[in-house]
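Colleague: Attaching a single structure in C-alpha cells format; questions to follow.
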Amino acid sequence: MGVFCMKKIAYLMLLGVISMNLCGCLAIFGGVVAGAGTAVWLSGKLSQEFHASYQSTTDAAKAALQSFNYPIVKETQEANLTQLISKYSDGRQIWVDIHKIDDQNTNVEVRVGLTPDKKADSEIMDSIRRFLGKGLR
C-alpha cells in the first residue's frame with residue numbers, strides 16, 4: 001500500500017473514533033435534556049435518575065433483584081455509591097450501581113451481561129421504579 005492510502009485509512013479510522021465519541025456526547029446530552037424519570041442507555045448500561053433518597057433507592061434495587069430471585073452475590077458501598085452484583089437466571093452477571101446525587105435524588109445504572117441486553121436491563125429498572133413507587137422512600 002502506498003503512503004497516501006495508509007494516510008487515508010488512518011484518517012478514516014480517526015473520523016470513526018471521533019464520530020463514536022460524538023455519539024456518546026449526544027447520548028449524554030439527550031439524557032440531560034430528557035431530565036429525571038427517563039431511562040437512557042449510556043456506555044452499555046441503562047441509566048435513570050430518580051427523585052428518591054439514596055437509602056430508599058438502594059432498598060428498592062435490592063427488593064427488585066430479590067423479586068426476580070436473583071441472588072445478591074456482592075454488595076460494595078462507598079460514600080455516594082452502592083454497587084450490587086447479582087446473577088441473572090442464565091448465569092450472566094448483573095450490575096446495579098446506585099449513585100447519590102443529593103439528599104433526594106439518585107441515579108441508577110443497570111447492566112446484565114457483558115453485552116447490552118436492553119430487555120433484561122429494562123425489566124430490572126422497571127422493577128426498581130415499581131418498588132420506589134410502593135413507598136420505599
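Every chain in the C-alpha cells takes a letter, A first, then B, and so on in the order presented; its residues are numbered from 1, and the ligands are numbered from 1 following the presented order.
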Taking the DSSP secondary structure from the backbone, can you list the residues of region 69-135 of chain A that are alpha helix (DSSP H), as a PyMOL selection string?

Modeller: chain A and resi 118-133

Colleague: Please provide the set of residues having any atom within 7 Å of Ile98 (chain A), restricted to only C-alpha atoms, with same-chain residues fewer than 4 positions apart removed, written as a ChimeraX atom specification.

Modeller: /A:58,81-83,106-109

Colleague: Just write the chosen residues, C-alpha atoms, as a compact mmCIF listing (two decimals), in the first residue's frame.

Modeller:
# COMPACT_ATOMS: atom_id res chain seq x y z
CA THR A 58 -30.79 1.08 47.39
CA LEU A 81 -22.14 4.77 45.57
CA THR A 82 -23.56 1.32 46.17
CA GLN A 83 -22.89 -1.49 43.72
CA THR A 106 -30.21 9.26 42.88
CA ASN A 107 -29.02 7.78 39.61
CA VAL A 108 -29.29 4.05 38.95
CA GLU A 109 -27.35 2.14 36.31

Colleague: I'd like the interatomic distance between CA of Val110 (chain A) and CA of Ala79 (chain A), to a tenth of an Å.

Modeller: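 CA of Ala79 (chain A) lies 19.4 Å from CA of Val110 (chain A).
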
Colleague: Calculated over only C-alpha atoms, which of the candidates A:Glu49, A:Glu123, A:Tyr54, A:Glu78 has the smallest distance to Lys100 (chain A)?

Modeller: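 The answer is A:Tyr54, which sits nearest to Lys100 (chain A).
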
Colleague: Between A:Ile85, A:Ala52, A:Leu46, A:Leu65, which has the minimum distance to Asn105 (chain A) (counting only C-alpha atoms)?

Modeller: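 For Asn105 (chain A), the nearest of the candidates is A:Ala52.
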
Colleague: Based on DSSP run over this structure's backbone, return all residues of region 52-124 of chain A in strand (DSSP E), as a PyMOL selection string.

Modeller: chain A and resi 72-77+81-87+93-102+105-112

Colleague: What separation in Å, quoted to one decimal, exists between CA of Ser53 (chain A) and CA of Tyr88 (chain A)?

Modeller: 26.2 Å

Colleague: Name the closest residue to Phe68 (chain A) among the candidates A:Gln104, A:Ser122, A:Ser127, A:Ser43; distances are taken between atoms, counting only C-alpha atoms.

Modeller: A:Ser127

Colleague: CA of Gln55 (chain A) and CA of Ala120 (chain A) are how many Å apart?

Modeller: 23.7 Å

Colleague: Counting only C-alpha atoms, what is within 10 Å of Ser67 (chain A), bar same-chain residues fewer than 3 positions away, as a VMD selection string?

Modeller: chain A and resid 61 to 64 70 to 71 124 127 to 128 131
